[in-house]
$ cat data-v5.cif   # mmCIF, C-alpha atoms and all ligand atoms
data_coords
#
loop_
_atom_site.label_atom_id
_atom_site.label_comp_id
_atom_site.auth_asym_id
_atom_site.auth_seq_id
_atom_site.Cartn_x
_atom_site.Cartn_y
_atom_site.Cartn_z
CA MET A 1 104.68 97.38 84.51
CA GLY A 2 104.24 101.01 83.63
CA ALA A 3 105.65 103.01 80.80
CA PRO A 4 109.37 103.66 80.53
CA ARG A 5 108.52 107.30 80.52
CA GLY A 6 105.42 109.35 81.05
CA ARG A 7 104.22 112.67 82.27
CA ALA A 8 101.09 113.31 84.21
CA THR A 9 99.66 115.02 87.19
CA PRO A 10 101.35 113.42 90.16
CA ALA A 11 99.27 110.96 92.07
CA GLY A 12 97.92 112.31 95.31
CA ALA A 13 99.98 110.95 98.16
CA ARG A 14 97.80 109.65 100.94
CA ILE A 15 100.72 109.93 103.30
CA PRO A 16 102.19 113.45 103.27
CA PRO A 17 105.83 113.57 102.18
CA VAL A 18 108.28 113.69 105.06
CA PRO A 19 110.07 116.99 105.53
CA LEU A 20 113.44 117.10 103.89
CA LEU A 21 116.34 116.90 106.23
CA ALA A 22 118.81 119.72 106.16
CA ARG A 23 121.51 117.41 104.94
CA SER A 24 121.37 114.64 102.43
CA LEU A 25 121.48 111.15 103.88
CA ARG A 26 123.15 108.57 101.69
CA VAL A 27 122.85 105.11 103.12
CA PRO A 28 124.16 101.71 102.08
CA ILE A 29 121.71 99.44 100.38
CA ALA A 30 122.45 96.42 102.51
CA VAL A 31 120.30 96.13 105.58
CA ALA A 32 120.56 94.03 108.65
CA ALA A 33 117.31 92.23 108.02
CA VAL A 34 116.88 88.84 109.60
CA LEU A 35 115.19 86.18 107.57
CA ALA A 36 112.73 84.11 109.52
CA ALA A 37 112.18 81.76 106.60
CA CYS A 38 112.54 78.56 108.54
CA ALA A 39 110.66 79.65 111.62
CA ALA A 40 107.44 77.92 112.49
CA LEU A 41 104.29 79.58 111.17
CA ALA A 42 103.74 82.69 113.22
CA PRO A 43 100.40 83.10 114.98
CA ALA A 44 97.62 84.92 113.15
CA ALA A 45 97.79 88.70 113.14
CA ASP A 46 101.43 88.50 114.15
CA ARG A 47 102.54 89.76 110.77
CA THR A 48 102.18 92.95 108.75
CA LEU A 49 103.16 92.58 105.11
CA LEU A 50 104.10 95.71 103.17
CA SER A 51 104.39 95.11 99.43
CA ILE A 52 105.98 98.03 97.58
CA GLY A 53 105.76 98.32 93.81
CA ALA A 54 107.09 100.89 91.39
CA HIS A 55 103.76 101.04 89.56
CA ALA A 56 100.20 100.36 90.66
CA GLY A 57 99.64 96.76 89.66
CA ASP A 58 103.18 95.49 90.30
CA ALA A 59 102.52 94.49 93.91
CA GLU A 60 99.16 92.89 93.13
CA ILE A 61 100.19 90.88 90.09
CA THR A 62 103.33 89.46 91.73
CA THR A 63 102.39 89.19 95.41
CA GLY A 64 98.60 89.47 95.46
CA ALA A 65 98.05 85.76 96.07
CA LEU A 66 100.53 85.87 98.95
CA LEU A 67 98.81 88.93 100.39
CA ALA A 68 95.42 87.24 100.07
CA ARG A 69 96.78 84.20 101.89
CA HIS A 70 98.15 86.26 104.76
CA LYS A 71 94.98 88.30 105.01
CA ARG A 72 93.11 85.02 105.31
CA LEU A 73 95.53 83.98 108.06
CA GLY A 74 94.61 87.12 109.99
CA ASP A 75 97.59 89.31 109.12
CA ARG A 76 97.57 92.95 108.07
CA VAL A 77 98.50 93.56 104.43
CA VAL A 78 99.45 96.92 102.93
CA MET A 79 100.54 97.94 99.45
CA LEU A 80 102.52 101.05 98.58
CA HIS A 81 102.44 102.08 94.92
CA LEU A 82 105.31 104.49 94.33
CA THR A 83 103.79 105.67 91.01
CA LEU A 84 100.46 104.95 89.37
CA GLY A 85 102.09 103.54 86.25
CA GLU A 86 99.99 106.05 84.38
CA GLY A 87 102.10 106.32 81.26
CA GLY A 88 101.35 102.92 79.78
CA ASN A 89 98.07 103.45 77.93
CA PRO A 90 98.42 104.67 74.32
CA LYS A 91 94.70 105.48 74.20
CA LEU A 92 94.56 107.74 77.27
CA SER A 93 96.49 110.74 78.55
CA PRO A 94 98.67 109.98 81.56
CA ALA A 95 96.36 112.15 83.68
CA ALA A 96 93.25 110.24 82.64
CA TYR A 97 94.91 106.85 82.87
CA GLY A 98 96.37 107.79 86.26
CA GLU A 99 92.86 108.41 87.58
CA GLN A 100 91.79 105.04 86.20
CA LYS A 101 94.83 103.27 87.70
CA LYS A 102 94.11 104.79 91.09
CA ARG A 103 90.52 103.55 91.02
CA GLU A 104 91.72 100.14 89.90
CA ALA A 105 94.35 100.03 92.66
CA LEU A 106 91.76 100.86 95.32
CA ALA A 107 89.40 98.19 93.96
CA ALA A 108 92.20 95.60 93.91
CA ALA A 109 93.20 96.47 97.46
CA GLN A 110 89.63 96.19 98.66
CA ALA A 111 89.30 92.79 97.01
CA LEU A 112 92.49 91.59 98.72
CA GLY A 113 91.51 93.07 102.07
CA ALA A 114 94.61 95.25 101.84
CA GLU A 115 95.31 98.90 102.50
CA ALA A 116 96.62 100.93 99.54
CA LEU A 117 99.07 103.81 99.83
CA PHE A 118 100.37 105.95 96.98
CA GLY A 119 103.67 107.71 96.41
CA PRO A 120 103.84 111.08 94.67
CA TRP A 121 106.08 110.16 91.74
CA LYS A 122 105.42 109.99 88.02
CA ASP A 123 105.62 106.88 85.90
CA GLY A 124 109.05 106.65 84.33
CA ASP A 125 110.45 109.29 86.65
CA LEU A 126 111.14 107.32 89.82
CA ARG A 127 114.65 108.04 91.03
CA ASP A 128 116.80 106.66 93.83
CA THR A 129 117.00 109.86 95.83
CA GLY A 130 117.31 110.67 99.51
CA GLU A 131 113.89 112.27 99.37
CA ALA A 132 112.31 109.07 98.04
CA ALA A 133 114.08 106.96 100.69
CA ARG A 134 112.88 109.29 103.44
CA PHE A 135 109.30 109.13 102.15
CA VAL A 136 109.31 105.33 102.13
CA ALA A 137 111.10 105.20 105.51
CA ASP A 138 108.31 107.29 106.98
CA VAL A 139 105.72 104.93 105.49
CA ILE A 140 107.59 101.99 107.06
CA ARG A 141 107.59 103.73 110.42
CA GLN A 142 103.84 104.24 110.20
CA VAL A 143 102.89 100.82 108.83
CA LYS A 144 105.41 98.94 111.04
CA PRO A 145 105.79 95.94 108.72
CA THR A 146 107.25 92.63 109.80
CA HIS A 147 107.85 91.78 106.15
CA VAL A 148 108.67 94.09 103.24
CA ILE A 149 108.38 92.83 99.65
CA THR A 150 109.61 94.79 96.65
CA HIS A 151 111.39 94.55 93.31
CA TRP A 152 114.47 92.46 92.68
CA ARG A 153 117.65 94.46 92.07
CA THR A 154 117.89 94.04 88.28
CA SER A 155 115.09 94.90 85.93
CA LEU A 156 114.20 95.86 82.40
CA HIS A 157 112.49 98.87 83.93
CA PRO A 158 114.50 101.69 85.54
CA ASP A 159 111.59 102.47 87.89
CA HIS A 160 111.77 98.93 89.26
CA GLU A 161 115.51 99.14 89.90
CA ALA A 162 115.04 102.53 91.54
CA ALA A 163 112.30 101.08 93.74
CA HIS A 164 114.64 98.28 94.88
CA ARG A 165 117.30 100.76 95.96
CA ILE A 166 114.82 103.21 97.50
CA VAL A 167 113.17 100.49 99.59
CA ASN A 168 116.45 99.06 100.86
CA ALA A 169 117.68 102.50 101.82
CA ALA A 170 114.34 103.22 103.48
CA VAL A 171 114.40 100.00 105.51
CA LEU A 172 117.68 101.07 107.06
CA LEU A 173 116.58 104.67 107.58
CA ALA A 174 113.36 103.62 109.28
CA SER A 175 115.37 101.71 111.89
CA LEU A 176 117.82 104.49 112.67
CA GLU A 177 117.38 106.74 115.69
CA GLY A 178 119.28 109.40 113.76
CA PHE A 179 116.62 109.63 111.05
CA GLU A 180 114.20 112.25 112.28
CA SER A 181 110.56 112.04 111.28
CA ALA A 182 107.17 112.40 112.91
CA HIS A 183 107.16 108.71 113.80
CA PRO A 184 109.43 106.63 116.02
CA ARG A 185 111.94 104.25 114.51
CA HIS A 186 110.78 100.79 113.51
CA ARG A 187 112.91 97.80 114.35
CA GLY A 188 110.38 95.00 114.02
CA LEU A 189 111.20 94.07 110.44
CA ARG A 190 111.97 90.36 110.05
CA GLY A 191 112.96 90.34 106.42
CA VAL A 192 113.04 91.97 102.99
CA TYR A 193 111.81 89.79 100.13
CA TYR A 194 111.86 90.23 96.37
CA ALA A 195 108.93 89.51 94.09
CA ASP A 196 108.90 87.23 91.07
CA ASN A 197 108.29 89.82 88.31
CA TRP A 198 108.74 89.07 84.59
CA GLU A 199 110.49 92.42 84.15
CA ASP A 200 112.90 91.71 87.03
CA ALA A 201 114.00 88.23 85.98
CA GLU A 202 117.76 88.71 85.46
CA GLY A 203 119.59 87.00 88.32
CA PHE A 204 116.34 86.23 90.16
CA VAL A 205 116.55 82.76 91.66
CA PRO A 206 113.49 81.65 93.62
CA TYR A 207 114.43 80.95 97.21
CA LEU A 208 111.19 80.78 99.17
CA TYR A 209 108.04 79.15 97.89
CA VAL A 210 104.72 79.89 99.58
CA ASP A 211 101.69 77.73 98.87
CA VAL A 212 98.88 79.91 97.48
CA THR A 213 96.69 77.13 96.11
CA GLU A 214 93.69 78.26 98.15
CA ASP A 215 94.25 81.92 97.32
CA LEU A 216 94.66 81.93 93.57
CA ALA A 217 90.99 82.61 92.86
CA ALA A 218 91.01 85.62 95.19
CA TRP A 219 94.18 86.88 93.51
CA LYS A 220 92.68 86.49 90.06
CA ALA A 221 89.54 88.37 91.04
CA ALA A 222 91.53 91.19 92.64
CA VAL A 223 94.03 91.74 89.83
CA SER A 224 91.23 91.70 87.29
CA SER A 225 90.35 95.15 88.66
CA TYR A 226 93.11 96.39 86.36
CA GLU A 227 92.32 96.83 82.67
CA PHE A 228 95.96 96.23 81.70
CA ILE A 229 95.82 92.85 83.44
CA ARG A 230 92.49 91.90 81.89
CA GLY A 231 94.04 92.63 78.49
CA GLY A 232 93.67 95.23 75.78
CA ILE A 233 96.33 97.75 76.80
CA SER A 234 99.59 95.82 76.85
CA SER A 235 100.49 92.98 74.52
CA PHE A 236 101.95 91.10 77.52
CA PRO A 237 99.53 88.38 78.72
CA TYR A 238 99.73 89.29 82.41
CA LEU A 239 96.99 87.07 83.77
CA GLU A 240 98.02 84.00 81.79
CA TYR A 241 101.70 84.51 82.56
CA TYR A 242 101.31 84.91 86.31
CA GLU A 243 98.79 82.11 86.66
CA ALA A 244 101.13 79.81 84.71
CA LEU A 245 104.07 81.04 86.80
CA ALA A 246 102.20 80.20 90.00
CA ARG A 247 101.59 76.71 88.60
CA VAL A 248 105.27 76.32 87.66
CA ARG A 249 106.46 77.51 91.06
CA GLY A 250 103.85 75.28 92.67
CA ALA A 251 105.04 72.26 90.70
CA LEU A 252 108.62 72.88 91.83
CA ALA A 253 107.43 73.23 95.42
CA GLY A 254 105.29 70.11 95.33
CA ARG A 255 102.11 72.15 95.59
CA ARG A 256 99.39 73.16 93.16
CA PHE A 257 100.14 76.89 93.08
CA ALA A 258 102.92 78.83 94.79
CA VAL A 259 104.45 82.30 94.88
CA ALA A 260 108.24 82.38 94.88
CA LEU A 261 110.41 85.04 96.49
CA GLU A 262 114.12 85.83 96.37
CA VAL A 263 116.14 87.29 99.25
CA ASP A 264 119.52 88.97 99.50
CA PRO A 265 122.52 86.61 99.57
CA PHE A 266 123.37 87.56 103.16
CA ALA A 267 119.84 86.61 104.25
CA LYS A 268 120.43 83.03 103.11
CA LYS A 269 122.97 82.36 105.83
CA ARG A 270 121.75 79.80 108.36
CA VAL A 271 123.52 78.99 111.56
CA LEU A 272 122.71 75.60 113.12
CA GLU A 273 123.90 73.68 116.17
CA ALA A 274 123.92 70.52 114.01
CA LEU A 275 122.68 69.43 110.63
CA PRO A 276 118.91 69.04 110.55
ZN ZN B 301 106.12 98.10 87.01
#

$ encode --input "data-v5.cif" --output "structure tokens"
Amino acid sequence: MGAPRGRATPAGARIPPVPLLARSLRVPIAVAAVLAACAALAPAADRTLLSIGAHAGDAEITTGALLARHKRLGDRVVMLHLTLGEGGNPKLSPAAYGEQKKREALAAAQALGAEALFGPWKDGDLRDTGEAARFVADVIRQVKPTHVITHWRTSLHPDHEAAHRIVNAAVLLASLEGFESAHPRHRGLRGVYYADNWEDAEGFVPYLYVDVTEDLAAWKAAVSSYEFIRGGISSFPYLEYYEALARVRGALAGRRFAVALEVDPFAKKRVLEALP
């Protein structure tokens, strides 16, 4: 979500931008992430989930139930909102709506038991640049996630597609000794996952289904911190859509409610000693 374009005072970044390197680093999107999809459930507090959305609200509406579940399991959950999505309210200036979105994002994070971080970019103006990748790489080095979740590669919204490319570039950068920042490289990432977002539906095929039956109420309460999700700003019925989607994914998974995730094609490769 978020407006296709918008101008406003940039959101205050809670993590200072990383210094620009003297030379531009262009990195391939593909990363050597290892999917631990079929591993046994890891012990509590063994995981740190970092959910990165283009606009405040993206991470919560698509992955909030999953984050609530993992918080309940004892894991650390963090959200990074690259922009506030402040351009989407026809009744408020982007500056005023940005302030509101930031308050709503902090309330949603508190309800989920998550930490909230904010990028410095403007709604509609997120670009796949080296600077953006270095910023996110530095966040990854500080948060040290075991799991990163972000937007699928195709989207109706250019900010979402930019976020996908930025995050994949950042995942690689964060692991490289050659990327200099104030924090040491992070090599503990087990996988990159893509969220089930109505705007990112083209080519999205659910691959992993996680049971969130016991977490849907917590998700609903948390996302209701956002006015645009409660209704009245956008004509899109966010709450109804995502609750129904969780039921549909749950039905396909043989559960009551589930959150589905996609992964990169190379992450679907499984090597076995024999058929299970
Ligand atoms: Zn969005």

$ residues_near_ligand --input "data-v5.cif" --ligand "ligand ZN 301 (chain B)" --cutoff "9 Å" --atoms "only C-alpha atoms and all ligand atoms" --output "ChimeraX atom specification"
/A:1-3,53-59,83,85,123,151,157,159-160,197,199

$ write_last_selection --input "data-v5.cif" --atoms "C-alpha atoms" --output "PDB file, keeping the file's coordinate frame"
ATOM      1  CA  MET A   1     104.680  97.380  84.510  1.00  0.00           C
ATOM      2  CA  GLY A   2     104.240 101.010  83.630  1.00  0.00           C
ATOM      3  CA  ALA A   3     105.650 103.010  80.800  1.00  0.00           C
ATOM      4  CA  GLY A  53     105.760  98.320  93.810  1.00  0.00           C
ATOM      5  CA  ALA A  54     107.090 100.890  91.390  1.00  0.00           C
ATOM      6  CA  HIS A  55     103.760 101.040  89.560  1.00  0.00           C
ATOM      7  CA  ALA A  56     100.200 100.360  90.660  1.00  0.00           C
ATOM      8  CA  GLY A  57      99.640  96.760  89.660  1.00  0.00           C
ATOM      9  CA  ASP A  58     103.180  95.490  90.300  1.00  0.00           C
ATOM     10  CA  ALA A  59     102.520  94.490  93.910  1.00  0.00           C
ATOM     11  CA  THR A  83     103.790 105.670  91.010  1.00  0.00           C
ATOM     12  CA  GLY A  85     102.090 103.540  86.250  1.00  0.00           C
ATOM     13  CA  ASP A 123     105.620 106.880  85.900  1.00  0.00           C
ATOM     14  CA  HIS A 151     111.390  94.550  93.310  1.00  0.00           C
ATOM     15  CA  HIS A 157     112.490  98.870  83.930  1.00  0.00           C
ATOM     16  CA  ASP A 159     111.590 102.470  87.890  1.00  0.00           C
ATOM     17  CA  HIS A 160     111.770  98.930  89.260  1.00  0.00           C
ATOM     18  CA  ASN A 197     108.290  89.820  88.310  1.00  0.00           C
ATOM     19  CA  GLU A 199     110.490  92.420  84.150  1.00  0.00           C
TER      20      GLU A 199
END

$ residues_around --input "data-v5.cif" --residues "range 108-114 of chain A" --least-positions-apart "5" --cutoff "12 Å" --atoms "all atoms listed in the file" --output "NGL selection string"
:A and (48-51 or 56-61 or 63-81 or 101-103 or 215-227 or 229)

$ write_last_selection --input "data-v5.cif" --atoms "C-alpha atoms" --output "compact mmCIF listing (two decimals), in the coordinates of the input"
# COMPACT_ATOMS: atom_id res chain seq x y z
CA THR A 48 102.18 92.95 108.75
CA LEU A 49 103.16 92.58 105.11
CA LEU A 50 104.10 95.71 103.17
CA SER A 51 104.39 95.11 99.43
CA ALA A 56 100.20 100.36 90.66
CA GLY A 57 99.64 96.76 89.66
CA ASP A 58 103.18 95.49 90.30
CA ALA A 59 102.52 94.49 93.91
CA GLU A 60 99.16 92.89 93.13
CA ILE A 61 100.19 90.88 90.09
CA THR A 63 102.39 89.19 95.41
CA GLY A 64 98.60 89.47 95.46
CA ALA A 65 98.05 85.76 96.07
CA LEU A 66 100.53 85.87 98.95
CA LEU A 67 98.81 88.93 100.39
CA ALA A 68 95.42 87.24 100.07
CA ARG A 69 96.78 84.20 101.89
CA HIS A 70 98.15 86.26 104.76
CA LYS A 71 94.98 88.30 105.01
CA ARG A 72 93.11 85.02 105.31
CA LEU A 73 95.53 83.98 108.06
CA GLY A 74 94.61 87.12 109.99
CA ASP A 75 97.59 89.31 109.12
CA ARG A 76 97.57 92.95 108.07
CA VAL A 77 98.50 93.56 104.43
CA VAL A 78 99.45 96.92 102.93
CA MET A 79 100.54 97.94 99.45
CA LEU A 80 102.52 101.05 98.58
CA HIS A 81 102.44 102.08 94.92
CA LYS A 101 94.83 103.27 87.70
CA LYS A 102 94.11 104.79 91.09
CA ARG A 103 90.52 103.55 91.02
CA ASP A 215 94.25 81.92 97.32
CA LEU A 216 94.66 81.93 93.57
CA ALA A 217 90.99 82.61 92.86
CA ALA A 218 91.01 85.62 95.19
CA TRP A 219 94.18 86.88 93.51
CA LYS A 220 92.68 86.49 90.06
CA ALA A 221 89.54 88.37 91.04
CA ALA A 222 91.53 91.19 92.64
CA VAL A 223 94.03 91.74 89.83
CA SER A 224 91.23 91.70 87.29
CA SER A 225 90.35 95.15 88.66
CA TYR A 226 93.11 96.39 86.36
CA GLU A 227 92.32 96.83 82.67
CA ILE A 229 95.82 92.85 83.44

$ closest_residue --input "data-v5.cif" --among "A:Trp121, A:Tyr241, A:Tyr194, A:Phe135" --to "Thr150 in chain A" --atoms "only C-alpha atoms"
A:Tyr194

$ closest_residue --input "data-v5.cif" --among "A:Ser181, A:Gln100, A:Thr62, A:Thr129" --to "Tyr238 in chain A" --atoms "only C-alpha atoms"
A:Thr62

$ residues_around --input "data-v5.cif" --residues "Ala253 in chain A" --least-positions-apart "4" --cutoff "9 Å" --atoms "only C-alpha atoms" --output "list in words"
Tyr209, Val210, Asp211, Val248, Arg249, Phe257 and Ala258 of chain A

$ atom_distance --input "data-v5.cif" --atom1 "CA of Glu86 in chain A" --atom2 "CA of Gly98 in chain A"
4.4 Å

$ residues_around --input "data-v5.cif" --residues "Tyr207 in chain A" --least-positions-apart "3" --cutoff "8 Å" --atoms "only C-alpha atoms" --output "MDAnalysis selection string"
chainID A and resid 260:263

$ atom_distance --input "data-v5.cif" --atom1 "CA of Pro120 in chain A" --atom2 "CA of Val139 in chain A"
12.6 Å

$ closest_residue --input "data-v5.cif" --among "A:Glu161, A:Asp125, A:Asp264, A:Glu180" --to "Arg141 in chain A" --atoms "only C-alpha atoms"
A:Glu180

$ residues_near_point --input "data-v5.cif" --point "(112.3, 99.7, 111.8)" --cutoff "9 Å" --atoms "only C-alpha atoms" --output "VMD selection string"
chain A and resid 137 140 to 141 144 to 146 171 to 176 184 to 189

$ decode --input "data-v5.cif" --residues "range 90-101 of chain A" --atoms "all heavy atoms" --output "CSV table (one decimal), in the first residue's frame"
chain,number,residue,atom,x,y,z
A,90,PRO,N,-6.1,11.2,0.8
A,90,PRO,CA,-6.5,12.4,0.0
A,90,PRO,C,-7.0,13.5,0.9
A,90,PRO,O,-7.1,14.7,0.5
A,90,PRO,CB,-7.7,11.9,-0.8
A,90,PRO,CG,-8.2,10.6,-0.2
A,90,PRO,CD,-7.0,10.0,0.5
A,91,LYS,N,-7.2,13.2,2.2
A,91,LYS,CA,-7.7,14.2,3.2
A,91,LYS,C,-6.6,14.9,4.0
A,91,LYS,O,-6.9,15.8,4.7
A,91,LYS,CB,-8.8,13.6,4.1
A,91,LYS,CG,-10.0,13.0,3.4
A,91,LYS,CD,-10.9,12.3,4.4
A,91,LYS,CE,-12.1,11.7,3.7
A,91,LYS,NZ,-12.8,10.7,4.6
A,92,LEU,N,-5.4,14.3,3.9
A,92,LEU,CA,-4.3,14.9,4.7
A,92,LEU,C,-3.1,15.1,3.8
A,92,LEU,O,-2.9,14.5,2.8
A,92,LEU,CB,-3.9,13.9,5.8
A,92,LEU,CG,-4.9,13.7,7.0
A,92,LEU,CD1,-4.3,12.7,8.0
A,92,LEU,CD2,-5.1,15.0,7.7
A,93,SER,N,-2.3,16.1,4.2
A,93,SER,CA,-1.0,16.4,3.5
A,93,SER,C,-0.1,15.2,3.8
A,93,SER,O,-0.3,14.5,4.8
A,93,SER,CB,-0.4,17.6,4.0
A,93,SER,OG,0.1,17.4,5.4
A,94,PRO,N,0.8,14.9,2.9
A,94,PRO,CA,1.8,13.8,3.2
A,94,PRO,C,2.5,14.0,4.5
A,94,PRO,O,2.7,13.0,5.2
A,94,PRO,CB,2.7,13.9,2.0
A,94,PRO,CG,1.9,14.4,0.9
A,94,PRO,CD,1.0,15.5,1.5
A,95,ALA,N,2.8,15.2,4.9
A,95,ALA,CA,3.5,15.4,6.1
A,95,ALA,C,2.7,15.0,7.3
A,95,ALA,O,3.1,14.3,8.2
A,95,ALA,CB,3.9,16.9,6.2
A,96,ALA,N,1.4,15.5,7.3
A,96,ALA,CA,0.5,15.1,8.4
A,96,ALA,C,0.2,13.6,8.4
A,96,ALA,O,0.2,13.0,9.5
A,96,ALA,CB,-0.8,15.9,8.3
A,97,TYR,N,-0.1,13.1,7.2
A,97,TYR,CA,-0.4,11.7,7.2
A,97,TYR,C,0.8,10.8,7.6
A,97,TYR,O,0.7,9.8,8.2
A,97,TYR,CB,-0.9,11.3,5.8
A,97,TYR,CG,-1.5,9.8,5.8
A,97,TYR,CD1,-2.3,9.4,6.8
A,97,TYR,CD2,-1.2,9.0,4.8
A,97,TYR,CE1,-2.8,8.1,6.8
A,97,TYR,CE2,-1.7,7.7,4.7
A,97,TYR,CZ,-2.5,7.2,5.8
A,97,TYR,OH,-3.0,6.0,5.8
A,98,GLY,N,2.0,11.3,7.2
A,98,GLY,CA,3.3,10.6,7.6
A,98,GLY,C,3.4,10.5,9.1
A,98,GLY,O,3.8,9.5,9.7
A,99,GLU,N,3.1,11.6,9.8
A,99,GLU,CA,3.1,11.6,11.3
A,99,GLU,C,2.2,10.6,11.8
A,99,GLU,O,2.5,9.8,12.8
A,99,GLU,CB,2.8,13.0,11.8
A,99,GLU,CG,4.0,14.0,11.6
A,99,GLU,CD,5.2,13.5,12.3
A,99,GLU,OE1,5.2,13.1,13.5
A,99,GLU,OE2,6.3,13.6,11.7
A,100,GLN,N,1.0,10.5,11.2
A,100,GLN,CA,-0.1,9.6,11.7
A,100,GLN,C,0.4,8.2,11.4
A,100,GLN,O,0.3,7.3,12.3
A,100,GLN,CB,-1.4,9.8,10.9
A,100,GLN,CG,-2.5,8.8,11.2
A,100,GLN,CD,-3.7,9.1,10.5
A,100,GLN,OE1,-4.1,10.2,10.2
A,100,GLN,NE2,-4.5,8.0,10.2
A,101,LYS,N,1.0,7.9,10.2
A,101,LYS,CA,1.4,6.6,9.9
A,101,LYS,C,2.5,6.1,10.8
A,101,LYS,O,2.6,4.9,11.2
A,101,LYS,CB,1.9,6.5,8.4
A,101,LYS,CG,0.8,6.5,7.3
A,101,LYS,CD,0.0,5.3,7.2
A,101,LYS,CE,0.7,4.0,6.8
A,101,LYS,NZ,1.0,3.9,5.4
